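Text of model-v6.txt, listed as compact mmCIF, C-alpha atoms and all ligand atoms:
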# COMPACT_ATOMS: atom_id res chain seq x y z
CA MET E 149 -30.38 35.46 26.50
CA THR E 150 -29.84 32.23 24.63
CA LEU E 151 -28.40 29.32 26.55
CA PRO E 152 -25.50 27.21 25.29
CA ARG E 153 -26.62 24.91 22.48
CA PRO E 154 -24.74 21.98 20.95
CA ARG E 155 -24.03 22.30 17.24
CA ALA E 156 -27.20 21.82 15.20
CA GLU E 157 -25.92 18.75 13.32
CA LEU E 158 -25.39 16.98 16.64
CA LEU E 159 -28.98 17.51 17.73
CA ALA E 160 -30.20 15.60 14.68
CA LEU E 161 -28.32 12.42 15.64
CA THR E 162 -29.72 9.33 17.33
CA PRO E 163 -27.79 8.97 20.59
CA TYR E 164 -25.93 5.75 21.30
CA GLY E 165 -27.95 3.51 23.57
CA SER E 166 -29.40 0.13 24.27
CA GLY E 167 -32.91 1.35 23.53
CA ARG E 168 -33.96 0.72 27.12
CA PRO E 169 -34.57 3.42 29.73
CA ALA E 170 -31.38 3.84 31.79
CA ASP E 171 -33.20 3.20 35.07
CA ALA E 172 -35.05 0.06 33.93
CA ALA E 173 -34.05 -3.12 35.75
CA PRO E 174 -31.77 -5.22 33.56
CA PRO E 175 -33.53 -8.17 31.93
CA ARG E 176 -32.61 -11.65 33.09
CA HIS E 177 -30.79 -12.36 29.84
CA ARG E 178 -28.64 -9.40 28.86
CA LEU E 179 -28.13 -9.94 25.16
CA SER E 180 -28.25 -6.40 23.80
CA SER E 181 -24.64 -5.18 23.92
CA ASN E 182 -22.48 -8.06 22.69
CA GLU E 183 -20.89 -8.50 26.10
CA SER E 184 -19.17 -11.72 27.07
CA PRO E 185 -21.16 -14.13 29.23
CA PHE E 186 -17.86 -15.06 30.92
CA PRO E 187 -16.56 -12.88 33.75
CA PRO E 188 -12.84 -12.07 33.86
CA SER E 189 -10.66 -14.79 35.38
CA ASP E 190 -9.40 -14.62 38.95
CA ALA E 191 -5.92 -13.84 37.66
CA VAL E 192 -7.22 -10.87 35.68
CA VAL E 193 -9.21 -9.55 38.64
CA ALA E 194 -6.16 -9.98 40.90
CA ALA E 195 -3.92 -8.08 38.48
CA ALA E 196 -6.37 -5.20 38.33
CA GLY E 197 -6.68 -5.27 42.12
CA ARG E 198 -2.93 -5.05 42.63
CA ALA E 199 -2.77 -2.08 40.28
CA LEU E 200 -5.35 -0.26 42.40
CA HIS E 201 -2.64 0.31 45.02
CA ASP E 202 -0.93 2.71 42.62
CA VAL E 203 -3.85 4.83 41.49
CA HIS E 204 -2.61 7.88 43.34
CA ARG E 205 -0.16 8.05 40.40
CA TYR E 206 -1.03 8.66 36.76
CA PRO E 207 -0.76 5.56 34.60
CA ALA E 208 1.70 5.16 31.70
CA LEU E 209 1.66 8.19 29.39
CA VAL E 210 0.47 6.33 26.26
CA GLY E 211 -0.07 2.87 27.79
CA GLU E 212 3.52 1.67 27.23
CA PRO E 213 3.40 -1.67 29.12
CA LEU E 214 0.39 -2.89 27.14
CA ILE E 215 1.79 -1.51 23.89
CA ASP E 216 4.99 -3.47 24.50
CA ALA E 217 3.07 -6.66 25.27
CA LEU E 218 0.98 -6.31 22.09
CA ALA E 219 4.03 -5.40 20.00
CA ALA E 220 5.92 -8.48 21.22
CA ARG E 221 2.96 -10.75 20.60
CA HIS E 222 2.28 -9.49 17.08
CA GLY E 223 5.85 -8.86 15.99
CA ARG E 224 5.44 -5.12 15.63
CA GLY E 225 7.33 -2.06 16.72
CA ARG E 226 5.97 -0.09 19.66
CA ASP E 227 5.48 2.84 17.27
CA GLU E 228 2.99 0.73 15.31
CA ILE E 229 0.55 0.26 18.19
CA ALA E 230 -1.73 2.61 20.11
CA VAL E 231 -4.05 1.80 22.99
CA ALA E 232 -7.04 3.76 24.24
CA SER E 233 -10.06 3.72 26.48
CA GLY E 234 -11.98 1.34 24.24
CA SER E 235 -11.49 1.00 20.52
CA VAL E 236 -14.31 3.48 20.04
CA ALA E 237 -11.87 6.12 21.31
CA LEU E 238 -9.39 5.05 18.64
CA ILE E 239 -12.03 5.31 15.91
CA GLU E 240 -12.75 8.82 17.10
CA GLN E 241 -9.09 9.76 17.19
CA LEU E 242 -8.49 8.40 13.69
CA VAL E 243 -11.50 10.20 12.24
CA ARG E 244 -10.61 13.48 13.95
CA ALA E 245 -6.98 13.23 12.91
CA TYR E 246 -7.66 12.35 9.27
CA ALA E 247 -10.97 14.08 8.41
CA GLY E 248 -11.97 17.66 9.06
CA PRO E 249 -14.98 19.86 8.37
CA GLY E 250 -16.50 19.00 4.99
CA ASP E 251 -14.31 15.95 4.40
CA GLU E 252 -16.13 12.75 3.61
CA VAL E 253 -16.06 9.62 5.74
CA LEU E 254 -17.40 6.60 3.88
CA MET E 255 -18.96 3.55 5.49
CA PRO E 256 -21.37 0.74 4.76
CA TRP E 257 -24.72 1.16 6.46
CA ARG E 258 -26.19 -0.37 8.56
CA SER E 259 -23.00 -0.69 10.58
CA TYR E 260 -21.72 0.25 14.03
CA GLU E 261 -23.96 2.92 15.50
CA ALA E 262 -21.06 4.90 16.97
CA TYR E 263 -19.72 5.74 13.49
CA PRO E 264 -22.25 8.47 12.58
CA LEU E 265 -21.82 10.10 15.98
CA ILE E 266 -18.05 10.15 15.61
CA ILE E 267 -18.22 11.52 12.06
CA ALA E 268 -20.57 14.32 13.10
CA GLY E 269 -18.40 15.03 16.13
CA ALA E 270 -15.50 15.68 13.76
CA SER E 271 -17.72 17.94 11.59
CA ALA E 272 -17.01 15.60 8.70
CA ARG E 273 -19.60 14.47 6.16
CA GLU E 274 -21.04 10.98 6.43
CA VAL E 275 -21.38 9.01 3.18
CA ALA E 276 -23.24 5.72 3.60
CA ALA E 277 -23.26 2.83 1.14
CA PRO E 278 -26.10 0.30 1.36
CA LEU E 279 -25.48 -3.32 2.30
CA THR E 280 -26.07 -6.22 -0.08
CA ALA E 281 -29.42 -8.00 -0.02
CA ALA E 282 -27.72 -10.65 2.11
CA GLN E 283 -26.85 -7.96 4.71
CA GLY E 284 -23.15 -8.02 3.84
CA ILE E 285 -20.77 -5.20 2.98
CA ASP E 286 -21.25 -4.20 -0.66
CA VAL E 287 -17.81 -3.56 -2.11
CA ASP E 288 -19.08 -2.04 -5.36
CA ALA E 289 -21.49 0.27 -3.54
CA LEU E 290 -18.60 1.55 -1.43
CA LEU E 291 -16.29 2.04 -4.40
CA ALA E 292 -19.03 3.92 -6.27
CA ARG E 293 -19.21 6.45 -3.43
CA LEU E 294 -15.53 7.36 -3.28
CA THR E 295 -14.93 11.00 -4.20
CA PRO E 296 -11.90 13.27 -4.13
CA ARG E 297 -13.14 14.41 -0.72
CA THR E 298 -13.15 10.91 0.81
CA ARG E 299 -10.63 10.85 3.64
CA VAL E 300 -11.58 7.83 5.72
CA LEU E 301 -13.33 4.50 5.07
CA LEU E 302 -14.80 2.88 8.20
CA LEU E 303 -15.06 -0.84 7.63
CA CYS E 304 -16.34 -3.17 10.31
CA ASN E 305 -15.45 -6.80 9.54
CA PRO E 306 -17.37 -8.85 10.62
CA ASN E 307 -19.99 -6.13 10.43
CA ASN E 308 -21.95 -5.02 13.48
CA PRO E 309 -24.94 -5.52 13.67
CA THR E 310 -25.38 -7.91 10.74
CA GLY E 311 -22.53 -10.30 11.61
CA GLU E 312 -21.67 -10.89 7.95
CA ALA E 313 -17.99 -10.80 7.02
CA LEU E 314 -16.10 -10.02 3.84
CA GLY E 315 -13.75 -12.79 2.77
CA THR E 316 -10.16 -12.27 1.72
CA ALA E 317 -10.84 -11.92 -2.00
CA ALA E 318 -13.52 -9.25 -1.56
CA LEU E 319 -11.58 -7.36 1.10
CA ASP E 320 -8.39 -7.46 -0.97
CA ALA E 321 -10.30 -6.14 -3.97
CA LEU E 322 -11.77 -3.30 -1.94
CA ILE E 323 -8.52 -2.29 -0.29
CA GLU E 324 -6.63 -2.41 -3.60
CA ARG E 325 -9.15 -0.12 -5.30
CA VAL E 326 -9.33 2.51 -2.57
CA PRO E 327 -6.82 5.29 -3.26
CA ARG E 328 -3.78 5.26 -0.97
CA SER E 329 -4.75 8.75 0.20
CA VAL E 330 -7.82 7.35 1.97
CA LEU E 331 -7.34 5.99 5.49
CA ILE E 332 -9.02 2.59 5.82
CA VAL E 333 -10.04 1.85 9.40
CA LEU E 334 -10.59 -1.90 9.59
CA ASP E 335 -12.59 -2.42 12.78
CA GLU E 336 -12.06 -6.02 13.84
CA ALA E 337 -13.83 -5.85 17.20
CA TYR E 338 -15.19 -9.36 16.60
CA ARG E 339 -12.19 -11.00 14.94
CA GLU E 340 -11.79 -13.64 17.67
CA PHE E 341 -15.24 -15.08 16.89
CA VAL E 342 -14.61 -15.66 13.17
CA THR E 343 -14.79 -19.28 12.06
CA ARG E 344 -15.00 -18.91 8.26
CA ALA E 345 -11.60 -19.92 6.92
CA ASP E 346 -11.69 -17.33 4.13
CA VAL E 347 -12.07 -14.30 6.42
CA PRO E 348 -8.64 -12.74 6.89
CA ASP E 349 -6.93 -11.56 10.04
CA GLY E 350 -6.61 -7.99 8.83
CA ALA E 351 -3.78 -7.15 11.21
CA GLU E 352 -1.63 -9.80 9.56
CA ARG E 353 -2.87 -9.59 6.00
CA TYR E 354 -2.67 -5.83 5.58
CA ARG E 355 0.49 -5.14 7.53
CA GLY E 356 2.66 -2.98 5.37
CA HIS E 357 -0.37 -1.32 3.75
CA ALA E 358 0.43 2.34 4.32
CA ASN E 359 -3.23 3.39 4.57
CA VAL E 360 -4.74 0.59 6.67
CA ALA E 361 -5.26 0.83 10.44
CA VAL E 362 -6.67 -2.24 12.21
CA LEU E 363 -8.62 -1.97 15.47
CA ARG E 364 -9.11 -4.62 18.11
CA THR E 365 -10.69 -4.54 21.54
CA PHE E 366 -10.57 -6.23 24.92
CA SER E 367 -14.30 -5.57 25.36
CA LYS E 368 -15.75 -8.60 23.61
CA ALA E 369 -13.70 -11.81 23.45
CA TYR E 370 -11.50 -10.79 26.39
CA SER E 371 -14.43 -10.07 28.73
CA LEU E 372 -13.26 -6.59 29.73
CA ALA E 373 -15.99 -4.30 28.38
CA GLY E 374 -16.24 -2.51 31.71
CA LEU E 375 -12.57 -1.57 31.84
CA ARG E 376 -12.47 0.06 28.40
CA VAL E 377 -9.36 -1.07 26.52
CA GLY E 378 -8.90 -1.14 22.77
CA TRP E 379 -5.87 -1.12 20.52
CA CYS E 380 -4.81 -0.12 17.03
CA VAL E 381 -2.10 -1.63 14.89
CA ALA E 382 -1.03 0.44 11.89
CA PRO E 383 2.07 1.72 10.14
CA ALA E 384 3.96 4.13 12.40
CA PRO E 385 2.96 7.30 10.48
CA LEU E 386 -0.74 6.50 10.99
CA VAL E 387 -0.21 5.85 14.69
CA ASP E 388 1.65 9.14 14.90
CA GLY E 389 -1.35 10.84 13.31
CA LEU E 390 -3.85 9.49 15.80
CA ARG E 391 -1.56 10.29 18.75
CA ARG E 392 -1.79 13.96 17.79
CA VAL E 393 -5.40 14.06 18.98
CA ALA E 394 -5.19 11.40 21.70
CA PRO E 395 -5.49 12.46 25.32
CA PRO E 396 -2.60 11.63 27.67
CA PHE E 397 -2.89 8.63 30.05
CA PRO E 398 -5.54 6.95 27.86
CA VAL E 399 -5.87 3.72 29.86
CA SER E 400 -6.02 3.46 33.67
CA GLY E 401 -3.45 1.38 35.56
CA PRO E 402 -5.95 -1.31 36.60
CA ALA E 403 -7.23 -1.56 33.03
CA LEU E 404 -3.68 -1.89 31.66
CA ALA E 405 -2.88 -4.60 34.20
CA ALA E 406 -6.08 -6.50 33.48
CA ALA E 407 -5.57 -6.34 29.72
CA MET E 408 -2.01 -7.64 30.01
CA ALA E 409 -3.15 -10.48 32.26
CA ALA E 410 -6.02 -11.35 29.90
CA LEU E 411 -3.65 -11.30 26.92
CA ALA E 412 -1.54 -13.97 28.61
CA GLU E 413 -4.48 -16.38 28.99
CA ASP E 414 -4.36 -17.98 25.55
CA GLY E 415 -5.80 -21.28 26.70
CA LEU E 416 -8.74 -19.69 28.46
CA LEU E 417 -9.52 -17.52 25.44
CA ALA E 418 -9.51 -20.55 23.14
CA THR E 419 -11.81 -22.50 25.45
CA ARG E 420 -14.21 -19.61 25.76
CA MET E 421 -14.27 -18.89 22.02
CA ALA E 422 -14.99 -22.55 21.31
CA ALA E 423 -17.90 -22.51 23.76
CA LEU E 424 -19.25 -19.26 22.36
CA VAL E 425 -19.02 -20.45 18.77
CA GLY E 426 -20.81 -23.64 19.80
CA GLU E 427 -23.66 -21.60 21.26
CA ARG E 428 -23.76 -19.49 18.10
CA ARG E 429 -24.09 -22.59 15.95
CA HIS E 430 -26.87 -23.88 18.18
CA LEU E 431 -28.67 -20.54 18.09
CA VAL E 432 -28.34 -20.16 14.31
CA ARG E 433 -29.63 -23.66 13.69
CA GLY E 434 -32.57 -23.23 16.07
CA LEU E 435 -33.59 -19.86 14.63
CA ALA E 436 -33.27 -21.15 11.06
CA GLU E 437 -35.48 -24.12 11.91
CA LEU E 438 -38.14 -21.64 13.01
CA GLY E 439 -37.95 -20.09 9.57
CA LEU E 440 -36.26 -16.92 10.79
CA PRO E 441 -33.89 -15.17 8.36
CA VAL E 442 -30.57 -15.81 10.07
CA GLY E 443 -27.47 -15.51 7.87
CA ASP E 444 -23.91 -16.64 8.54
CA PRO E 445 -22.92 -14.60 11.60
CA GLN E 446 -19.19 -14.47 12.32
CA ALA E 447 -19.33 -12.45 15.54
CA ASN E 448 -20.81 -13.02 19.01
CA PHE E 449 -24.31 -12.08 17.91
CA VAL E 450 -26.95 -13.07 15.41
CA TRP E 451 -28.95 -10.68 13.24
CA LEU E 452 -32.53 -11.09 12.21
CA PRO E 453 -33.38 -8.66 9.40
CA LEU E 454 -37.11 -8.59 10.16
CA GLY E 455 -37.87 -5.15 8.74
CA GLU E 456 -41.21 -3.90 9.97
CA ARG E 457 -41.55 -6.85 12.35
CA ALA E 458 -38.33 -6.02 14.23
CA ALA E 459 -39.79 -3.87 17.00
CA ALA E 460 -42.54 -6.39 17.80
CA CYS E 461 -40.00 -9.21 17.91
CA ALA E 462 -37.72 -7.27 20.28
CA ALA E 463 -40.70 -6.47 22.49
CA ALA E 464 -41.63 -10.14 22.65
CA PHE E 465 -38.08 -11.02 23.69
CA LEU E 466 -38.09 -8.35 26.37
CA ALA E 467 -41.42 -9.62 27.71
CA ALA E 468 -39.71 -13.02 28.02
CA GLY E 469 -36.89 -11.48 30.09
CA ILE E 470 -34.43 -11.23 27.19
CA GLY E 471 -32.89 -7.89 26.33
CA VAL E 472 -31.91 -7.72 22.65
CA ARG E 473 -30.90 -4.79 20.49
CA SER E 474 -33.78 -3.52 18.43
CA PHE E 475 -33.31 -1.57 15.21
CA PRO E 476 -36.94 -0.67 14.47
CA GLY E 477 -37.80 -1.09 10.83
CA GLU E 478 -34.59 -3.02 10.22
CA GLY E 479 -33.82 -5.92 12.48
CA VAL E 480 -32.99 -7.41 15.84
CA ARG E 481 -29.50 -8.21 17.08
CA ILE E 482 -29.13 -10.93 19.71
CA THR E 483 -25.86 -11.45 21.55
CA VAL E 484 -24.68 -15.04 21.90
CA GLY E 485 -24.46 -15.91 25.57
CA ASP E 486 -24.29 -19.15 27.53
CA ALA E 487 -26.40 -22.29 27.12
CA GLY E 488 -29.16 -20.90 29.33
CA ASP E 489 -29.35 -17.78 27.19
CA THR E 490 -29.53 -19.84 24.00
CA GLN E 491 -32.34 -21.95 25.41
CA ALA E 492 -34.30 -18.87 26.51
CA VAL E 493 -33.87 -17.17 23.13
CA LEU E 494 -34.99 -20.22 21.17
CA ARG E 495 -38.01 -20.71 23.41
CA ALA E 496 -39.06 -17.06 23.13
CA ALA E 497 -38.44 -17.05 19.38
CA ALA E 498 -40.61 -20.14 18.92
CA ALA E 499 -43.40 -18.54 20.93
CA TRP E 500 -43.18 -15.33 18.91
CA CYS E 501 -43.23 -17.22 15.62
CA ASP E 502 -46.37 -19.03 16.80
CA THR E 503 -48.19 -15.78 17.57
CA GLU E 504 -47.06 -14.41 14.19
CA ARG E 505 -48.63 -17.38 12.43
CA THR E 506 -51.86 -17.19 14.37
CA PRO E 507 -54.31 -14.99 12.44
CA ARG E 508 -55.59 -12.12 14.59
C1 LIG E 601 -18.11 -3.30 20.52
C2 LIG E 601 -17.49 -2.64 19.34
C3 LIG E 601 -16.31 -1.94 19.45
C4 LIG E 601 -15.55 -1.93 20.73
O1 LIG E 601 -15.79 -0.91 21.49
P1 LIG E 601 -14.90 -0.65 22.77
O2 LIG E 601 -14.86 0.82 22.80
O3 LIG E 601 -13.54 -1.24 22.54
O4 LIG E 601 -15.63 -1.27 23.90
C5 LIG E 601 -15.74 -1.36 18.33
N1 LIG E 601 -16.33 -1.49 17.13
C6 LIG E 601 -17.46 -2.19 17.00
C7 LIG E 601 -18.02 -2.36 15.66
C8 LIG E 601 -18.08 -2.77 18.08
O5 LIG E 601 -19.20 -3.43 17.92

Since I need it in another form, could you write the structure as structure tokens?
Amino acid sequence: MTLPRPRAELLALTPYGSGRPADAAPPRHRLSSNESPFPPSDAVVAAAGRALHDVHRYPALVGEPLIDALAARHGRGRDEIAVASGSVALIEQLVRAYAGPGDEVLMPWRSYEAYPLIIAGASAREVAAPLTAAQGIDVDALLARLTPRTRVLLLCNPNNPTGEALGTAALDALIERVPRSVLIVLDEAYREFVTRADVPDGAERYRGHANVAVLRTFSKAYSLAGLRVGWCVAPAPLVDGLRRVAPPFPVSGPALAAAMAALAEDGLLATRMAALVGERRHLVRGLAELGLPVGDPQANFVWLPLGERAAACAAAFLAAGIGVRSFPGEGVRITVGDAGDTQAVLRAAAAWCDTERTPR
């Protein structure tokens, strides 16, 4: 008798993971998952705690209180916003709702590692367009891969893991040239960390575009990765489409309460983003001075496209107590943390560069 087997195309995929064994002790500097170095504020923790008293009840059916708060803040209707257990759930819902077996989902690659898993999960066909030499999204390469079967374009801006961002002119050009029949999922998980003036806020710029859905998350800038809350803003018909595959009660009561409390802390967010961006600048400058190929990262991580040297570099960081994300053969992604993290990274990077220069 044969035992249950997952679909063959799923067995071929690389599972999502940090690259470390699950039972390994966490390194002293946890810089592999783009988490915030700042814990949630006392007010956020208190709001989540109060909501725990009600967890014998189901939470809001589609997350109404948070939807209303986001709608008010961004001047949208409640039918233009969806929330879910992390924005990764929204990506999955959009892909499943808009692409079926044999349909093509286009994306730049390398990009967010969850995308191929989600595409395969929907039995859709993944079409990957290479990045530019500077590790950015290549608009022409994407346009060249559109076919009549393209249903969805997954676009991460700034891109994870390279940190490079498309500016307004390039993004406008891409969005204008993609047929209206193709759903563009603009994943702005790192929008709050952008400092380049020419990188648009996609939620504002592309409002009214009938085929653009913008995703945001509370996991990164808002320090709530562990509670799993993401949101989508899109024209009402697109939100209606994703709701057709969304599970009921997508966000727990404590998570809803925490997200609403975090959303109200504008001052704290600004302070934290300024500190984070300062650390990023420090890290970029220090790595560049070592001769490492750091670009112009616009998210809360830096990317070193080291190619064949990537795995050795990541191993050297780990030996120094620093967990980074290794993409063997491609590069190393290092999350920006606090000042102590920056110092540790720069010290370990300098030591690794020294051993690289020493002939063996
Ligand atoms: C971290 C990240 C997300 C957010 O995931 P959540 O499910 O909201 O925690 C989405 N997209 C990209 C590209 C990311 O890096």

>> Around the point (-37.0, -8.6, 24.4) (coordinates from the file), which residues reach within 12 Å if we count all atoms listed in the file? Answer as a PyMOL selection string.
In response: chain E and resi 166-168+174-180+458-474+480-483+492-493+496-497+500

> Got a sec to check which residues lie within 9 Å of ligand LIG 601 (chain E), using all atoms listed in the file, and send them as a VMD selection string?
Replying inline: chain E and resid 181 to 183 232 to 239 259 to 263 303 to 309 335 to 338 363 to 368 372 to 379

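Counting from CA of Glu240 (chain E), the distance to CA of Ala268 (chain E) is 10.4 Å.
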
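Counting from CA of Ala292 (chain E), the distance to CA of Glu478 (chain E) is 23.7 Å.
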
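In this model, the gap between CA of Arg391 (chain E) and CA of His201 (chain E) comes to 28.1 Å.
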
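Proximity ranking of E:Ala406, E:Ser400, E:Asp444, E:Asp349 relative to His222 (chain E) places E:Asp349 first, based on only C-alpha atoms.
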
> Contacts of Gly197 (chain E) at 9 Å or less, counting all atoms listed in the file, minus same-chain residues fewer than 3 places along, as a VMD selection string?
Replying inline: chain E and resid 192 to 194 200 to 201 402 405 to 406

Save out the residues we just selected, C-alpha atoms, as a tab-separated table (two decimals), keeping the file's coordinate frame.
chain	number	residue	atom	x	y	z
E	192	VAL	CA	-7.22	-10.87	35.68
E	193	VAL	CA	-9.21	-9.55	38.64
E	194	ALA	CA	-6.16	-9.98	40.90
E	200	LEU	CA	-5.35	-0.26	42.40
E	201	HIS	CA	-2.64	0.31	45.02
E	402	PRO	CA	-5.95	-1.31	36.60
E	405	ALA	CA	-2.88	-4.60	34.20
E	406	ALA	CA	-6.08	-6.50	33.48

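Considering the residues E:Ala270, E:Pro348, E:Thr503, E:Gln491 and counting only C-alpha atoms, Arg155 (chain E) has its shortest atom-to-atom contact with E:Ala270.
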
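The nearest approach to Ala407 (chain E) among the residues E:Leu218, E:Ala173, E:Val203, E:Leu158, with only C-alpha atoms taken into account, belongs to E:Leu218.
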
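Minimum atom-to-atom distances from E:Val210, E:Ala447, E:Val300, E:Pro383 to Val347 (chain E) were compared using all atoms listed in the file, and the lowest value belongs to E:Ala447.
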
> Neighbours of Glu157 (chain E) within 10 Å (only C-alpha atoms; same-chain residues fewer than 5 positions away dropped), as number ranges by chain?
Replying inline: E: 265, 268-269, 271

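Only residues having an atom at most 10 Å from (3.5, -1.7, 11.0) are included; using only C-alpha atoms, these are Ala219, His222, Gly223, Arg224, Gly225, Arg226, Asp227, Glu228, Ile229, Ala351, Glu352, Tyr354, Arg355, Gly356, His357, Ala358, Val360, Ala361, Val381, Ala382, Pro383, Ala384, Pro385, Leu386 and Val387 of chain E.
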
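With distances restricted to all atoms listed in the file, E:Leu209 is the closest residue to Phe397 (chain E) from E:Leu322, E:Leu209, E:Met255, E:Leu494.
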
Hey, what's within 7 Å of Leu279 (chain E) if we count only C-alpha atoms and toss same-chain stuff fewer than 4 positions away? As a PDB file with C-alpha atoms, in the coordinates of the input, please?
ATOM      1  CA  PRO E 256     -21.370   0.740   4.760  1.00  0.00           C
ATOM      2  CA  TRP E 257     -24.720   1.160   6.460  1.00  0.00           C
ATOM      3  CA  ARG E 258     -26.190  -0.370   8.560  1.00  0.00           C
ATOM      4  CA  GLN E 283     -26.850  -7.960   4.710  1.00  0.00           C
ATOM      5  CA  GLY E 284     -23.150  -8.020   3.840  1.00  0.00           C
ATOM      6  CA  ILE E 285     -20.770  -5.200   2.980  1.00  0.00           C
ATOM      7  CA  ASP E 286     -21.250  -4.200  -0.660  1.00  0.00           C
TER       8      ASP E 286
END

Report the closest atom pair, with its distance in Å rounded to one decimal, for each residue of region 357-410 of chain E that has an atom no farther than 8 Å from region 244-251 of chain E; count all atoms listed in the file, sort by chain and then rising residue number, and write it as CSV.
residue,atom,partner,partner_atom,distance
E:Gly389,CA,E:Ala245,CA,6.1
E:Leu390,CA,E:Ala245,CA,5.7
E:Arg392,CA,E:Ala245,CA,7.2
E:Val393,CA,E:Ala245,CA,6.3

Just C-alpha atoms for this one: save the residues we selected as a compact mmCIF listing (two decimals), in the coordinates of the input.
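Writing the result to again.txt gives the following:
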# COMPACT_ATOMS: atom_id res chain seq x y z
CA GLY E 389 -1.35 10.84 13.31
CA LEU E 390 -3.85 9.49 15.80
CA ARG E 392 -1.79 13.96 17.79
CA VAL E 393 -5.40 14.06 18.98

Taking the partial coordinates given, rebuild region 247-263 of chain E to contain N, CA and C atoms; return it as an mmCIF file, keeping the file's coordinate frame.
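Full text of rebuild-v8.cif as output:
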data_model
loop_
_atom_site.group_PDB
_atom_site.id
_atom_site.type_symbol
_atom_site.label_atom_id
_atom_site.label_comp_id
_atom_site.auth_asym_id
_atom_site.auth_seq_id
_atom_site.Cartn_x
_atom_site.Cartn_y
_atom_site.Cartn_z
ATOM 1 N N ALA E 247 -9.870 13.430 9.135
ATOM 2 C CA ALA E 247 -10.970 14.080 8.410
ATOM 3 C C ALA E 247 -11.387 15.335 9.172
ATOM 4 N N GLY E 248 -11.559 16.400 8.445
ATOM 5 C CA GLY E 248 -11.970 17.660 9.060
ATOM 6 C C GLY E 248 -13.308 18.109 8.500
ATOM 7 N N PRO E 249 -13.691 19.340 8.838
ATOM 8 C CA PRO E 249 -14.980 19.860 8.370
ATOM 9 C C PRO E 249 -15.127 19.734 6.849
ATOM 10 N N GLY E 250 -16.227 19.123 6.420
ATOM 11 C CA GLY E 250 -16.500 19.000 4.990
ATOM 12 C C GLY E 250 -15.870 17.788 4.333
ATOM 13 N N ASP E 251 -14.901 17.169 4.973
ATOM 14 C CA ASP E 251 -14.310 15.950 4.400
ATOM 15 C C ASP E 251 -15.311 14.809 4.514
ATOM 16 N N GLU E 252 -15.182 13.857 3.604
ATOM 17 C CA GLU E 252 -16.130 12.750 3.610
ATOM 18 C C GLU E 252 -15.554 11.509 4.291
ATOM 19 N N VAL E 253 -16.394 10.909 5.118
ATOM 20 C CA VAL E 253 -16.060 9.620 5.740
ATOM 21 C C VAL E 253 -17.083 8.615 5.216
ATOM 22 N N LEU E 254 -16.560 7.596 4.553
ATOM 23 C CA LEU E 254 -17.400 6.600 3.880
ATOM 24 C C LEU E 254 -17.558 5.373 4.768
ATOM 25 N N MET E 255 -18.742 4.789 4.724
ATOM 26 C CA MET E 255 -18.960 3.550 5.490
ATOM 27 C C MET E 255 -20.144 2.798 4.890
ATOM 28 N N PRO E 256 -20.160 1.480 5.098
ATOM 29 C CA PRO E 256 -21.370 0.740 4.760
ATOM 30 C C PRO E 256 -22.424 1.078 5.811
ATOM 31 N N TRP E 257 -23.668 0.945 5.468
ATOM 32 C CA TRP E 257 -24.720 1.160 6.460
ATOM 33 C C TRP E 257 -25.913 0.291 6.119
ATOM 34 N N ARG E 258 -26.387 -0.443 7.116
ATOM 35 C CA ARG E 258 -26.190 -0.370 8.560
ATOM 36 C C ARG E 258 -24.836 -0.928 9.010
ATOM 37 N N SER E 259 -24.221 -0.191 9.947
ATOM 38 C CA SER E 259 -23.000 -0.690 10.580
ATOM 39 C C SER E 259 -22.997 -0.189 12.017
ATOM 40 N N TYR E 260 -21.823 -0.071 12.603
ATOM 41 C CA TYR E 260 -21.720 0.250 14.030
ATOM 42 C C TYR E 260 -22.298 1.643 14.301
ATOM 43 N N GLU E 261 -23.212 1.691 15.274
ATOM 44 C CA GLU E 261 -23.960 2.920 15.500
ATOM 45 C C GLU E 261 -23.112 4.081 16.015
ATOM 46 N N ALA E 262 -21.918 3.796 16.516
ATOM 47 C CA ALA E 262 -21.060 4.900 16.970
ATOM 48 C C ALA E 262 -20.461 5.682 15.792
ATOM 49 N N TYR E 263 -20.388 5.065 14.604
ATOM 50 C CA TYR E 263 -19.720 5.740 13.490
ATOM 51 C C TYR E 263 -20.350 7.095 13.130
#
